[in-house]
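Q: Once you've had a glance at the structure underneath, I'll fire off some questions.
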Amino acid sequence: MSIQSLLDYISVIPDIRQQGKVKHKLSAILFLTVCAVIAGADEWQEIEDFGHERLEWLKKYGDFDNGIPVDDTIARVVSNIDSLAFEKMFIEWMQECHEITDGEIIAIDGKTIRGSFDKGKRKGAIHMVSAFSNENGVVLGQVKTEAKSNEITAIPELLNLLYLKKNLITIDAMGCQKDIASKIKDKKADYLLAVKGNQGKLHHAF
């Protein structure tokens, strides 16, 4: 994966903060976050911990002269950026790094980011719907939704962003919907959908 390419993509994300009050550059926070998540972090504190452990390496590519931001700062900044612009940036970067080949299995799955619930601001936990390449072990793209119940609308948004032709798309029971199946067929891909009680007649038929 090209680190310089990632930095180039990150640089287009607009920073809406008041610049006179900024201690950590947006590009540094996003670079830290993406690297930490790729390394397996799924909590804000884990992203901060990753930064402290890899600070010297991070300094080679980003402006970390003021050190690593605390987890609350990371959470606040990431939660307030243009999520659509970030999702588009991430997907374009991943598609540049990874060429999807025919016959891949791509798993669509939702996951709640631990520690993202903000009781003080009455914000619910952040829920991400991601597309994962089983063959190469990489996330091909993801979109944010405010609740797990919104996966049904988030999945088609994610499918629209990805090149899926001649691949097998797997989704859990939440994605067993006619519109989602039709969207996958429109993308010239095949699907394997789990069936549970949310599709009563179909579930009974099996």
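In the structure tokens, chains take the letters A, B, ... in the order shown, each chain's residues start at 1, and ligands count up from 1 in the order shown.
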List as a list of chain:residue names the protein and nucleic acid residues near stretch 80-86 of chain A, meaning an atom at most 8 Å away when only C-alpha atoms are counted, but skip any in the same chain fewer than 3 places from it.
A: A:Ile10, A:Ile13, A:Pro14, A:Asp15, A:Ile16, A:Arg76, A:Val77, A:Met89, A:Phe90, A:Val143, A:Lys144
Q: Contacts of A:Ile105 at 12 Å or less, counting only C-alpha atoms, minus same-chain residues fewer than 2 places along, as a JSON list (two decimals) with C-alpha atoms, in the first residue's frame?
A:
[["chain", "number", "residue", "atom", "x", "y", "z"],
["A", 100, "ILE", "CA", -10.48, -6.87, -7.11],
["A", 101, "THR", "CA", -10.22, -10.02, -9.22],
["A", 102, "ASP", "CA", -13.03, -12.22, -10.51],
["A", 103, "GLY", "CA", -14.36, -14.81, -8.08],
["A", 107, "ALA", "CA", -18.32, -10.04, 3.05],
["A", 108, "ILE", "CA", -20.61, -7.15, 3.95],
["A", 131, "ALA", "CA", -16.99, -4.63, 2.74],
["A", 132, "PHE", "CA", -14.20, -7.09, 3.50],
["A", 133, "SER", "CA", -12.15, -9.07, 0.98],
["A", 134, "ASN", "CA", -11.69, -12.57, 2.41],
["A", 135, "GLU", "CA", -8.92, -13.38, -0.06],
["A", 136, "ASN", "CA", -6.67, -10.45, 0.78],
["A", 137, "GLY", "CA", -7.83, -9.60, 4.29],
["A", 138, "VAL", "CA", -8.51, -5.92, 3.57],
["A", 140, "LEU", "CA", -12.55, -2.43, 0.54],
["A", 164, "LEU", "CA", -18.26, -6.09, -7.61],
["A", 165, "LYS", "CA", -18.57, -7.71, -11.05],
["A", 166, "LYS", "CA", -18.19, -11.53, -11.04],
["A", 167, "ASN", "CA", -17.69, -11.73, -7.27],
["A", 168, "LEU", "CA", -19.70, -13.41, -4.49],
["A", 169, "ILE", "CA", -21.22, -11.05, -1.93],
["A", 170, "THR", "CA", -22.11, -12.49, 1.48],
["A", 171, "ILE", "CA", -24.35, -10.67, 3.97],
["A", 189, "ALA", "CA", -22.27, -10.09, -8.94],
["A", 190, "ASP", "CA", -23.68, -13.12, -7.12],
["A", 191, "TYR", "CA", -24.92, -13.19, -3.54],
["A", 192, "LEU", "CA", -25.18, -15.50, -0.54]]
Q: From the options A:Val129, A:Val22, A:Met174, A:Ala36, which residue's atoms come nearest to A:Asn66, counting only C-alpha atoms?
A: A:Val22
Q: Which residues are close to A:Ile47, i.e. within 8 Å by only C-alpha atoms, leaving aside same-chain residues fewer than 4 positions away? Reply as a list in words.
A: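 The contact residues come out as Leu32, Thr33, Ala36, Val37, Ala41, Asp42, Glu43, Gly51 and Asp71 of chain A.
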Q: Atoms to include: C-alpha atoms. Write the selected residues as a PDB file, in the first residue's frame.
A:
ATOM      1  CA  LEU A  32      -3.154   7.969  12.633  1.00  0.00           C
ATOM      2  CA  THR A  33      -6.754   6.739  12.670  1.00  0.00           C
ATOM      3  CA  ALA A  36      -4.533   2.202  13.678  1.00  0.00           C
ATOM      4  CA  VAL A  37      -7.790   0.762  12.332  1.00  0.00           C
ATOM      5  CA  ALA A  41      -7.868  -0.883  16.615  1.00  0.00           C
ATOM      6  CA  ASP A  42     -11.612  -0.493  17.118  1.00  0.00           C
ATOM      7  CA  GLU A  43     -11.732   1.910  20.077  1.00  0.00           C
ATOM      8  CA  GLY A  51      -0.039   6.373  18.136  1.00  0.00           C
ATOM      9  CA  ASP A  71      -8.652   9.678  22.509  1.00  0.00           C
TER      10      ASP A  71
END
Q: Between atom CA of A:Lys23 and atom CA of A:Ile91, what distance in Å does the model show, to one decimal?
A: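 Atom-to-atom, atom CA of A:Lys23 to atom CA of A:Ile91, that is 28.0 Å.
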Q: Would you please give, as a list in words, all residues of stretch 139-197 of chain A that DSSP assigns to alpha helix (DSSP H) based on the backbone?
A: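 DSSP on the backbone gives alpha helix (DSSP H) at Glu151, Ile152, Thr153, Ala154, Ile155, Pro156, Glu157, Leu158, Leu159, Asn160, Leu161, Lys178, Asp179, Ile180, Ala181, Ser182, Lys183, Ile184, Lys185 and Asp186 of chain A.
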Q: May I ask which of the residues A:Lys196, A:Pro156, A:Ile38, A:Gln45 is the closest one to A:Ser182, counting only C-alpha atoms?
A: A:Pro156
Q: Rounded to one decimal in Å, what is the spacing between atom CA of A:Tyr163 and atom CA of A:Glu104?
A: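 A separation of 11.4 Å between them.
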Q: Go ahead and compute the interatomic distance for atom CA of A:Gln4 and atom CA of A:Leu162, in Å to one decimal.
A: 22.6 Å
Q: Restricting the calculation to only C-alpha atoms: of A:Val34, A:Leu159, A:Leu58, A:Cys97, which residue gets closest to A:Ile74?
A: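 Under the stated criterion, the closest residue is A:Val34.
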Q: Would you please work out which residue, of A:Gly20, A:Gly40, A:Gly141, A:Gly175, is nearest to A:Glu92 when using only C-alpha atoms?
A: A:Gly141
